[in-house]
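Data block for work28.cif (mmCIF, C-alpha atoms):
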data_upload
#
loop_
_atom_site.label_atom_id
_atom_site.label_comp_id
_atom_site.auth_asym_id
_atom_site.auth_seq_id
_atom_site.Cartn_x
_atom_site.Cartn_y
_atom_site.Cartn_z
CA MET A 1 -68.58 10.29 -13.60
CA THR A 2 -68.51 10.05 -9.80
CA PRO A 3 -65.95 12.08 -7.83
CA ILE A 4 -64.06 8.91 -6.89
CA ALA A 5 -63.98 7.66 -10.46
CA ASN A 6 -62.87 11.11 -11.61
CA SER A 7 -60.05 11.12 -9.06
CA LEU A 8 -58.90 7.69 -10.22
CA ALA A 9 -58.82 8.92 -13.76
CA LEU A 10 -56.73 11.90 -12.76
CA ARG A 11 -54.21 9.85 -10.67
CA PRO A 12 -51.07 8.99 -12.63
CA ASP A 13 -49.57 5.51 -12.75
CA SER A 14 -47.94 4.48 -9.49
CA ASP A 15 -44.52 4.62 -11.14
CA ASP A 16 -45.05 8.38 -11.55
CA LEU A 17 -46.26 9.05 -8.02
CA ALA A 18 -43.18 11.07 -7.09
CA ASP A 19 -43.28 13.22 -10.26
CA PRO A 20 -45.29 16.40 -9.56
CA GLU A 21 -47.56 17.61 -12.32
CA PRO A 22 -47.08 21.22 -13.41
CA LEU A 23 -49.32 23.74 -11.62
CA GLU A 24 -50.23 27.31 -12.39
CA ASP A 25 -49.06 30.00 -9.99
CA ALA A 26 -52.58 30.52 -8.64
CA ALA A 27 -52.90 26.82 -7.83
CA VAL A 28 -49.51 26.80 -6.10
CA LEU A 29 -50.52 29.80 -3.99
CA ARG A 30 -53.85 28.20 -3.06
CA ILE A 31 -52.22 24.90 -2.05
CA ARG A 32 -49.51 26.67 -0.06
CA THR A 33 -52.13 28.72 1.82
CA VAL A 34 -54.18 25.65 2.74
CA LEU A 35 -51.32 23.35 3.69
CA SER A 36 -49.61 25.98 5.83
CA GLN A 37 -52.29 25.44 8.46
CA PRO A 38 -51.14 23.48 11.57
CA SER A 39 -53.71 20.75 11.01
CA TRP A 40 -51.91 19.72 7.77
CA ARG A 41 -48.51 19.20 9.38
CA TRP A 42 -49.18 15.47 9.44
CA LEU A 43 -48.85 15.70 5.66
CA THR A 44 -46.31 18.49 5.08
CA ARG A 45 -43.90 17.31 7.80
CA THR A 46 -44.53 13.73 8.91
CA VAL A 47 -45.60 12.12 5.61
CA ARG A 48 -43.11 14.21 3.64
CA ALA A 49 -40.18 13.21 5.92
CA ALA A 50 -41.12 9.53 5.79
CA TRP A 51 -41.56 9.52 2.02
CA GLN A 52 -38.34 11.41 1.30
CA GLN A 53 -36.38 8.55 2.84
CA ASP A 54 -37.20 6.66 -0.35
CA LEU A 55 -39.46 8.15 -3.04
CA SER A 56 -39.91 4.73 -4.60
CA ARG A 57 -42.10 3.72 -1.66
CA ARG A 58 -45.87 3.49 -2.09
CA ASN A 59 -46.55 3.15 1.65
CA VAL A 60 -45.08 4.82 4.73
CA ARG A 61 -45.33 3.98 8.41
CA LEU A 62 -46.36 6.76 10.78
CA ASP A 63 -46.22 6.97 14.57
CA LEU A 64 -49.64 8.44 15.36
CA ASP A 65 -48.66 9.04 18.97
CA ALA A 66 -46.01 11.49 17.76
CA LEU A 67 -48.69 13.73 16.17
CA THR A 68 -50.54 16.47 18.01
CA GLU A 69 -54.20 15.89 18.73
CA GLY A 70 -55.13 18.33 15.97
CA GLU A 71 -52.87 16.63 13.44
CA ALA A 72 -54.12 13.15 14.39
CA ALA A 73 -57.74 14.26 14.08
CA ALA A 74 -57.09 15.95 10.70
CA LEU A 75 -55.30 12.83 9.41
CA ALA A 76 -58.14 10.53 10.48
CA ASP A 77 -60.73 12.85 8.97
CA PHE A 78 -58.81 13.15 5.67
CA LEU A 79 -58.34 9.39 5.34
CA ARG A 80 -61.98 8.79 6.39
CA TRP A 81 -61.14 6.39 9.20
CA PRO A 82 -64.33 5.20 10.91
CA THR A 83 -62.60 4.82 14.31
CA HIS A 84 -59.78 6.51 16.19
CA ARG A 85 -56.37 4.85 15.85
CA ALA A 86 -53.18 4.95 17.92
CA GLY A 87 -49.63 3.63 17.73
CA THR A 88 -47.89 2.94 14.43
CA THR A 89 -49.85 2.48 11.24
CA THR A 90 -49.18 2.17 7.52
CA ILE A 91 -50.45 4.90 5.18
CA SER A 92 -51.02 4.27 1.48
CA LEU A 93 -49.45 7.11 -0.47
CA VAL A 94 -51.49 6.13 -3.51
CA LYS A 95 -54.67 6.65 -1.48
CA VAL A 96 -53.40 10.01 -0.14
CA ASP A 97 -52.60 11.05 -3.70
CA MET A 98 -56.11 10.04 -4.86
CA LEU A 99 -57.83 11.91 -2.04
CA LEU A 100 -55.78 15.08 -2.63
CA ARG A 101 -56.72 15.07 -6.30
CA SER A 102 -60.40 14.68 -5.45
CA SER A 103 -60.22 17.41 -2.80
CA GLY A 104 -60.38 21.14 -3.24
CA LEU A 105 -56.62 21.20 -3.75
CA ALA A 106 -57.05 19.31 -7.03
CA ALA A 107 -53.38 18.26 -7.12
CA GLY A 108 -51.50 15.06 -6.50
CA LEU A 109 -49.35 14.26 -3.48
CA ALA A 110 -46.02 15.17 -5.07
CA ALA A 111 -47.35 18.42 -6.53
CA SER A 112 -49.01 19.41 -3.24
CA LEU A 113 -45.91 18.78 -1.14
CA THR A 114 -43.72 20.57 -3.69
CA ALA A 115 -46.02 23.59 -3.67
CA ALA A 116 -46.06 23.65 0.12
CA GLY A 117 -42.39 23.04 0.90
CA GLY A 118 -40.29 22.94 -2.25
CA PRO A 119 -38.99 20.01 -4.34
CA LEU A 120 -38.95 16.57 -2.75
CA GLN A 121 -35.58 15.08 -1.81
CA ASP A 122 -35.10 11.41 -2.64
CA GLU A 123 -32.60 10.42 0.05
CA ALA A 124 -32.45 6.78 -1.02
CA GLY A 125 -32.08 7.80 -4.65
CA GLN A 126 -29.27 10.16 -3.70
CA ARG A 127 -27.52 7.36 -1.83
CA ARG A 128 -27.93 5.04 -4.80
CA GLY A 129 -26.56 7.73 -7.09
CA GLU A 130 -23.60 8.34 -4.81
CA LYS A 131 -22.85 4.62 -4.64
CA THR A 132 -23.04 4.38 -8.41
CA ALA A 133 -20.68 7.34 -8.78
CA GLN A 134 -18.29 5.85 -6.23
CA ARG A 135 -18.38 2.49 -8.00
CA THR A 136 -17.67 4.17 -11.33
CA ALA A 137 -14.79 6.18 -9.86
CA ARG A 138 -13.40 3.06 -8.18
CA ASP A 139 -13.58 1.05 -11.40
CA GLN A 140 -11.90 3.83 -13.34
CA LEU A 141 -9.13 4.13 -10.73
CA TRP A 142 -8.62 0.35 -10.81
CA ALA A 143 -8.30 0.38 -14.60
CA GLU A 144 -5.75 3.20 -14.43
CA ALA A 145 -3.83 1.53 -11.61
CA VAL A 146 -3.42 -1.90 -13.24
CA ALA A 147 -2.16 -0.19 -16.40
CA HIS A 148 0.38 1.89 -14.46
CA PRO A 149 4.05 1.11 -15.25
CA ALA A 150 4.61 0.13 -11.61
CA ILE A 151 1.96 -2.61 -11.86
CA ALA A 152 1.93 -3.73 -15.48
CA GLY A 153 4.19 -6.73 -15.90
CA ASN A 154 4.88 -7.05 -12.15
CA PRO A 155 2.87 -9.99 -10.75
CA GLN A 156 3.83 -9.28 -7.14
CA PHE A 157 2.67 -5.67 -7.24
CA HIS A 158 -0.46 -6.72 -9.13
CA ALA A 159 -1.21 -9.20 -6.35
CA TRP A 160 -0.65 -6.43 -3.79
CA LEU A 161 -3.04 -4.10 -5.61
CA THR A 162 -5.68 -6.82 -5.86
CA GLU A 163 -5.40 -7.47 -2.13
CA GLU A 164 -5.69 -3.74 -1.37
CA TRP A 165 -8.99 -3.65 -3.27
CA ARG A 166 -10.28 -6.92 -1.85
CA ALA A 167 -9.46 -6.12 1.78
CA GLY A 168 -10.67 -2.52 1.58
CA ARG A 169 -7.45 -1.10 3.04
CA LEU A 170 -7.50 2.03 0.91
CA PRO A 171 -9.46 5.12 2.02
CA ALA A 172 -13.19 4.86 1.33
CA GLU A 173 -13.52 8.47 0.20
CA ALA A 174 -12.94 8.63 -3.57
CA THR A 175 -10.62 11.67 -3.66
CA ALA A 176 -8.46 10.41 -0.80
CA ARG A 177 -8.30 6.92 -2.33
CA ARG A 178 -7.18 8.28 -5.69
CA GLN A 179 -4.47 10.41 -4.06
CA VAL A 180 -3.10 7.49 -2.03
CA VAL A 181 -3.05 5.14 -5.03
CA THR A 182 -1.53 7.77 -7.32
CA ASP A 183 1.25 8.66 -4.87
CA ALA A 184 1.99 5.03 -3.97
CA LEU A 185 2.27 3.99 -7.62
CA ALA A 186 4.48 6.98 -8.40
CA VAL A 187 6.93 5.86 -5.71
CA LEU A 188 6.79 2.16 -6.61
CA ALA A 189 7.51 3.05 -10.25
CA VAL A 190 10.99 4.38 -9.33
CA LEU A 191 11.89 1.49 -7.00
CA PRO A 192 14.30 -0.08 -6.47
CA ASP A 193 16.45 3.02 -6.04
CA PRO A 194 19.72 1.76 -4.50
CA GLY A 195 21.43 4.15 -2.13
CA THR A 196 18.70 6.75 -1.82
CA VAL A 197 17.35 8.17 1.44
CA LEU A 198 13.64 8.22 2.23
CA ALA A 199 13.41 12.00 2.53
CA ARG A 200 15.23 12.49 -0.78
CA LEU A 201 12.95 9.95 -2.47
CA ALA A 202 9.82 11.64 -1.10
CA ARG A 203 10.97 15.10 -2.17
CA ARG A 204 11.94 13.92 -5.66
CA VAL A 205 8.79 11.92 -6.40
CA LEU A 206 6.07 13.58 -4.28
CA GLY A 207 7.50 17.08 -3.82
CA ASP A 208 7.56 16.85 -0.01
CA ALA A 209 10.50 15.48 1.97
CA HIS A 210 8.16 14.31 4.73
CA ALA A 211 5.46 12.79 2.52
CA LEU A 212 6.63 9.24 3.33
CA ASP A 213 7.33 9.70 7.03
CA GLU A 214 3.95 8.22 7.95
CA GLY A 215 0.35 8.02 6.73
CA PRO A 216 -1.67 5.91 4.26
CA VAL A 217 0.70 6.41 1.31
CA GLN A 218 3.68 5.04 3.21
CA ALA A 219 1.55 2.21 4.63
CA ALA A 220 0.37 1.19 1.16
CA ILE A 221 3.93 1.22 -0.21
CA LEU A 222 5.22 -0.90 2.68
CA ARG A 223 2.45 -3.44 2.07
CA ALA A 224 3.49 -3.57 -1.58
CA LEU A 225 7.13 -4.09 -0.64
CA ARG A 226 6.07 -6.87 1.72
CA TRP A 227 4.47 -8.66 -1.23
CA GLN A 228 7.67 -8.21 -3.21
CA ALA A 229 10.10 -9.13 -0.41
CA GLU A 230 8.52 -12.41 0.65
CA ARG A 231 11.38 -13.11 3.04
CA ILE A 232 10.39 -10.38 5.52
CA ASP A 233 7.98 -11.83 8.03
CA SER A 234 9.75 -12.08 11.39
CA SER A 235 10.49 -8.52 12.47
CA SER A 236 7.94 -5.91 13.46
CA GLY A 237 7.50 -2.19 13.98
CA SER A 238 10.39 0.07 13.06
CA ALA A 239 12.66 -2.89 12.28
CA ARG A 240 10.18 -4.22 9.71
CA LYS A 241 9.79 -0.74 8.22
CA ARG A 242 13.56 -0.35 7.90
CA GLU A 243 13.95 -3.79 6.30
CA LEU A 244 11.15 -3.24 3.81
CA TRP A 245 12.55 0.08 2.63
CA ALA A 246 16.03 -1.42 2.51
CA SER A 247 14.74 -4.21 0.25
CA ALA A 248 14.02 -1.45 -2.29
CA GLY A 249 17.39 0.24 -1.76
CA VAL A 250 15.99 3.02 0.42
CA ALA A 251 17.46 4.02 3.79
CA LEU A 252 15.48 5.85 6.47
CA ASP A 253 18.47 8.10 7.13
CA THR A 254 22.10 8.55 6.08
CA VAL A 255 23.81 7.40 9.29
CA SER A 256 22.09 4.15 10.35
CA SER A 257 22.91 2.24 7.17
CA THR A 258 26.59 1.21 7.11
CA VAL A 259 29.02 -1.10 5.35
CA LEU A 260 32.16 -2.75 6.76
CA ILE A 261 35.29 -2.36 4.60
CA LEU A 262 38.81 -3.78 4.91
CA GLY A 263 41.76 -3.04 2.62
CA LEU A 264 39.73 -1.19 0.01
CA CYS A 265 40.95 2.16 -1.30
CA LEU A 266 38.85 4.41 -3.51
CA PRO A 267 40.16 6.90 -6.07
CA GLY A 268 39.64 10.60 -5.46
CA ARG A 269 40.21 13.15 -2.71
CA GLY A 270 38.20 13.79 0.41
CA PRO A 271 37.30 12.48 3.88
CA LEU A 272 36.18 9.00 2.82
CA VAL A 273 39.16 8.47 0.51
CA THR A 274 41.51 9.51 3.32
CA THR A 275 39.76 7.33 5.92
CA LEU A 276 39.81 4.19 3.80
CA ALA A 277 43.44 4.70 2.78
CA ALA A 278 44.56 5.21 6.38
CA ASN A 279 42.69 2.13 7.59
CA ALA A 280 43.95 -0.01 4.70
CA GLU A 281 47.53 1.03 5.45
CA VAL A 282 47.36 -0.48 8.93
CA GLY A 283 44.91 -3.29 8.06
CA VAL A 284 42.02 -2.11 10.21
CA PRO A 285 38.35 -2.46 9.11
CA ALA A 286 36.39 0.77 8.61
CA ARG A 287 32.64 1.17 9.05
CA ILE A 288 31.29 3.62 6.46
CA THR A 289 27.87 5.24 6.60
CA LEU A 290 25.55 5.81 3.67
CA GLY A 291 26.04 9.56 4.16
CA GLN A 292 29.81 9.23 3.78
CA LEU A 293 29.41 7.09 0.69
CA ARG A 294 26.94 9.47 -0.93
CA HIS A 295 29.26 12.41 -0.20
CA TYR A 296 32.07 10.48 -1.88
CA LEU A 297 29.99 9.72 -4.96
CA ASP A 298 28.77 13.30 -5.23
CA LYS A 299 31.97 15.24 -4.45
CA GLU A 300 35.07 13.11 -3.81
CA GLN A 301 35.47 10.40 -6.43
CA ALA A 302 37.74 10.70 -9.42
CA PRO A 303 35.89 9.02 -12.32
CA SER A 304 39.00 8.81 -14.47
CA ARG A 305 40.85 6.72 -11.87
CA ARG A 306 40.38 2.97 -11.88
CA LEU A 307 38.88 1.07 -8.98
CA PRO A 308 40.39 -2.25 -7.82
CA PRO A 309 39.98 -4.93 -10.51
CA ALA A 310 38.56 -7.42 -7.98
CA VAL A 311 37.03 -7.22 -4.51
CA HIS A 312 36.00 -10.09 -2.24
CA VAL A 313 32.70 -9.91 -0.40
CA CYS A 314 31.78 -11.92 2.69
CA GLU A 315 28.63 -12.32 4.78
CA ASN A 316 29.89 -12.32 8.37
CA PRO A 317 31.91 -9.70 10.30
CA SER A 318 34.00 -12.48 11.87
CA VAL A 319 35.64 -13.01 8.48
CA SER A 320 36.68 -9.34 8.32
CA GLU A 321 37.89 -9.46 11.92
CA THR A 322 39.97 -12.61 11.38
CA ALA A 323 41.38 -11.28 8.11
CA ALA A 324 42.44 -8.05 9.82
CA GLU A 325 44.07 -9.91 12.71
CA THR A 326 45.78 -12.48 10.47
CA LEU A 327 46.70 -10.55 7.32
CA GLY A 328 46.54 -6.94 8.43
CA PRO A 329 47.60 -4.53 5.64
CA ASP A 330 48.40 -7.50 3.38
CA CYS A 331 44.70 -8.39 3.12
CA GLY A 332 43.15 -7.85 -0.29
CA PRO A 333 40.05 -5.62 -0.59
CA LEU A 334 37.18 -7.13 1.42
CA ILE A 335 33.62 -5.91 1.95
CA CYS A 336 31.38 -7.47 4.59
CA VAL A 337 27.62 -7.19 3.97
CA GLU A 338 26.73 -8.51 7.46
CA GLY A 339 23.81 -10.63 6.36
CA ARG A 340 21.48 -9.08 3.85
CA PRO A 341 23.24 -6.08 2.33
CA SER A 342 22.31 -2.74 3.83
CA VAL A 343 21.44 0.19 1.60
CA ALA A 344 24.99 1.48 2.00
CA ALA A 345 26.48 -1.92 1.11
CA SER A 346 24.17 -2.33 -1.88
CA LEU A 347 25.12 1.10 -3.19
CA LEU A 348 28.86 0.42 -2.86
CA LEU A 349 28.61 -2.98 -4.52
CA GLN A 350 26.54 -1.54 -7.36
CA GLN A 351 29.09 1.23 -7.94
CA LEU A 352 31.94 -1.28 -8.05
CA ILE A 353 30.13 -3.55 -10.51
CA SER A 354 29.23 -0.57 -12.71
CA ALA A 355 32.90 0.47 -12.74
CA GLY A 356 33.98 -2.99 -13.93
CA THR A 357 35.27 -4.38 -10.65
CA VAL A 358 34.80 -8.13 -10.26
CA LEU A 359 33.00 -8.99 -7.01
CA ARG A 360 33.55 -12.46 -5.57
CA TYR A 361 30.98 -13.40 -2.92
CA HIS A 362 31.07 -15.99 -0.19
CA GLY A 363 28.50 -16.61 2.54
CA ASP A 364 27.13 -19.25 4.87
CA PHE A 365 26.00 -22.58 3.47
CA ASP A 366 22.46 -22.35 4.80
CA TRP A 367 19.21 -21.42 3.10
CA ALA A 368 19.33 -17.74 4.12
CA GLY A 369 22.97 -17.54 3.02
CA LEU A 370 22.13 -19.02 -0.37
CA ALA A 371 19.32 -16.50 -0.80
CA ILE A 372 21.75 -13.64 -0.13
CA ALA A 373 24.28 -15.18 -2.49
CA ARG A 374 21.67 -15.61 -5.22
CA SER A 375 20.58 -11.96 -4.99
CA LEU A 376 24.17 -10.69 -5.23
CA ILE A 377 25.15 -13.06 -8.02
CA ASN A 378 22.03 -12.09 -9.93
CA ALA A 379 23.16 -8.46 -9.51
CA GLY A 380 26.53 -9.23 -11.14
CA ALA A 381 28.81 -10.77 -8.50
CA GLU A 382 30.65 -14.06 -8.96
CA PRO A 383 30.53 -17.02 -6.53
CA TRP A 384 33.58 -17.34 -4.29
CA ARG A 385 34.19 -20.87 -2.99
CA LEU A 386 30.44 -21.40 -3.03
CA GLY A 387 30.02 -24.74 -4.79
CA ALA A 388 29.20 -28.25 -3.62
CA GLN A 389 32.88 -29.17 -3.29
CA ASP A 390 33.44 -26.16 -1.05
CA TYR A 391 30.48 -27.28 1.05
CA TYR A 392 32.09 -30.70 1.44
CA ARG A 393 35.33 -29.03 2.64
CA GLY A 394 33.30 -27.25 5.30
CA LEU A 395 31.80 -30.55 6.44
CA ASP A 396 35.32 -31.81 7.18
CA HIS A 397 35.80 -28.99 9.67
CA ARG A 398 36.15 -30.43 13.16
CA GLY A 399 34.16 -27.68 14.85
CA ARG A 400 30.62 -27.91 16.16
CA GLN A 401 28.14 -28.66 13.37
CA LYS A 402 24.80 -26.87 13.06
CA LYS A 403 21.64 -28.76 12.05
CA LEU A 404 20.04 -27.53 8.80
CA PRO A 405 16.27 -28.22 8.54
CA PRO A 406 14.70 -28.50 5.07
CA PRO A 407 13.82 -25.15 3.44
CA ALA A 408 10.28 -23.80 3.35
CA ARG A 409 10.39 -23.66 -0.45
CA PRO A 410 12.66 -25.08 -3.19
CA VAL A 411 16.12 -23.48 -3.38
CA ILE A 412 17.86 -22.84 -6.69
CA THR A 413 21.58 -22.02 -7.03
CA PRO A 414 22.29 -21.28 -10.70
CA TRP A 415 26.09 -21.24 -10.16
CA ASP A 416 25.98 -24.89 -8.97
CA MET A 417 22.69 -26.71 -9.47
CA THR A 418 23.86 -29.69 -7.37
CA LEU A 419 24.48 -27.66 -4.20
CA PRO A 420 20.92 -27.64 -2.71
CA GLY A 421 20.62 -31.41 -3.14
CA VAL A 422 23.93 -32.02 -1.38
CA MET A 423 22.91 -29.78 1.51
CA LEU A 424 19.52 -31.49 1.77
CA ARG A 425 21.19 -34.91 2.04
CA HIS A 426 23.57 -33.87 4.80
CA GLN A 427 21.26 -31.36 6.56
CA ILE A 428 24.22 -29.53 8.08
CA ALA A 429 24.87 -25.80 7.82
CA VAL A 430 28.44 -24.75 7.02
CA GLU A 431 29.20 -21.26 8.28
CA GLU A 432 31.98 -19.10 6.88
CA GLU A 433 34.11 -19.65 9.97
CA ALA A 434 34.37 -23.34 9.04
CA VAL A 435 36.22 -22.50 5.81
CA ILE A 436 38.03 -19.39 7.03
CA GLU A 437 41.49 -20.81 6.14
CA ASP A 438 40.50 -21.14 2.49
CA LEU A 439 39.08 -17.62 2.46
CA LEU A 440 42.23 -16.17 4.08
CA ALA A 441 44.37 -17.90 1.47
CA ASP A 442 42.46 -16.13 -1.28
CA LEU A 443 42.56 -12.78 0.52
CA ALA A 444 46.32 -13.06 1.01
CA HIS A 445 46.81 -13.40 -2.75
CA PRO A 446 44.05 -11.22 -4.30
#
Using the file provided, produce a representation of the structure as structure tokens.
Amino acid sequence: MTPIANSLALRPDSDDLADPEPLEDAAVLRIRTVLSQPSWRWLTRTVRAAWQQDLSRRNVRLDLDALTEGEAAALADFLRWPTHRAGTTTISLVKVDMLLRSSGLAAGLAASLTAAGGPLQDEAGQRRGEKTAQRTARDQLWAEAVAHPAIAGNPQFHAWLTEEWRAGRLPAEATARRQVVTDALAVLAVLPDPGTVLARLARRVLGDAHALDEGPVQAAILRALRWQAERIDSSSGSARKRELWASAGVALDTVSSTVLILGLCLPGRGPLVTTLAANAEVGVPARITLGQLRHYLDKEQAPSRRLPPAVHVCENPSVSETAAETLGPDCGPLICVEGRPSVAASLLLQQLISAGTVLRYHGDFDWAGLAIARSLINAGAEPWRLGAQDYYRGLDHRGRQKKLPPPARPVITPWDMTLPGVMLRHQIAVEEEAVIEDLLADLAHP
């Protein structure tokens, strides 16, 4: 058998080119001694570096001008080139393997390079392996997330999670992504949490009072709340952040969230009880902070004492102001939510409903007012002069009328299914001030 034929017989299949055959210690020492010479650096450095980028390659491109004269001459001699070459050329690794086996080294390319410089590193294979591991970890995290109590059965949060994955908003690094998703879901699972403060929520759920001050966890939660609270799309920055947390019953602090109260006394002893009683005695509205209300609930209230059997709730401060000026201390208990209820207002209303107090709510006859009314009535309040006939009474008001454009989406009012149709026909908003005389009559005889 000729030397070339013998070398072909010894060469493994091309699929096994990167698998070094086992060598005896003496052969390893001989190969290492030969290939350590400077003239072989074209193989041990240049070819090795190019091949390690992807061990599945069977050809590599080399820049001959980057080799020393000695290396270029040794390469040309080894590959039996008839003429000198320059520039970039393609080298067949299969041919190099064949020539090494037929040379005095008597070992294939992979075995020779391994003997000379240690095991080959498959950089492309490593990248593929890392991508596979990342994909597996991502799929596992997705499966765990969609089964989490915060997501299961909640279409809005499921849509948020799907968008997070689709848009790539979560951290790319697997460990960081898992931590963000885990923490965000843990917080969403306990929401809504009416009357809580952000720092208290963070400490209770995540063990760090500042864990939700900023960062990717807070950002992910706010995006989820935006999916849930579809109404929030006009404000930005800190105002948007405050509104989104408030939609879940969470206040950023204990002093910014307030509720306006007139004529309401609470049972118990303490600063809030004293303040409300003094203001009710002279018929002056009192603005109460979330901190005051939480202090009352924690330390001042007397659970055995009954709360008022009924409390009226209005949307606009002008109603409270007019009631105070007109009725003074004779005004029945009135709470003003000032638009969408703040965290403080939501907490107070929830406490009253839980204690058996009947809440009667009135607001503006416009689409935003009906949305507020629907949320409070769904929470347990009763409508107060909020039907179609009451709307008609407001239309008779001789004041300036406000145009009401059609709503962006269908409006449903379970307490009076005819109301949206009536408002659509007339396309006029009726604000609380237009029916203030009717409201005052009710407040004068609670």
Selection under test: the PyMOL selection byres ((chain A and resi 221) around 10); residues as a list in words: Phe157, Trp160, Val180, Val181, Asp183, Ala184, Leu185, Val187, Leu188, Leu212, Pro216, Val217, Gln218, Ala219, Ala220, Leu222, Arg223, Ala224, Leu225, Arg226, Trp227, Leu244 and Trp245 of chain A
Picked residues, the PyMOL selection byres ((chain A and resi 51) around 12), expected as a ChimeraX atom specification: /A:17-18,43-50,52-62,90-94,109-110,113,120-125
Residues selected by the PyMOL selection byres ((chain A and resi 408) around 12), written as a ChimeraX atom specification: /A:230-231,367-368,404-407,409-411
With C-alpha atoms retained, could you export that selection as a PDB file, in the coordinates of the input?
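Here's the written file result_28.pdb:
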ATOM      1  CA  GLU A 230       8.520 -12.410   0.650  1.00  0.00           C
ATOM      2  CA  ARG A 231      11.380 -13.110   3.040  1.00  0.00           C
ATOM      3  CA  TRP A 367      19.210 -21.420   3.100  1.00  0.00           C
ATOM      4  CA  ALA A 368      19.330 -17.740   4.120  1.00  0.00           C
ATOM      5  CA  LEU A 404      20.040 -27.530   8.800  1.00  0.00           C
ATOM      6  CA  PRO A 405      16.270 -28.220   8.540  1.00  0.00           C
ATOM      7  CA  PRO A 406      14.700 -28.500   5.070  1.00  0.00           C
ATOM      8  CA  PRO A 407      13.820 -25.150   3.440  1.00  0.00           C
ATOM      9  CA  ARG A 409      10.390 -23.660  -0.450  1.00  0.00           C
ATOM     10  CA  PRO A 410      12.660 -25.080  -3.190  1.00  0.00           C
ATOM     11  CA  VAL A 411      16.120 -23.480  -3.380  1.00  0.00           C
TER      12      VAL A 411
END
Nearest to Leu198 of chain A by atom-to-atom distance, counting only C-alpha atoms, from A:His445, A:Arg242, A:His426, A:Arg41: A:Arg242
Distance of atom CA of Leu64 of chain A from atom CA of Ala106 of chain A, expressed in Å to one decimal place: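 According to the coordinates, atom CA of Ala106 of chain A and atom CA of Leu64 of chain A are separated by 26.0 Å.
Note that atom CA of Thr322 of chain A and atom CA of Glu433 of chain A are 9.3 Å apart.
If only C-alpha atoms are the atoms counted, then among A:Pro420, A:Thr132, A:Arg30, A:Glu432 the closest residue to Leu395 of chain A is A:Glu432.
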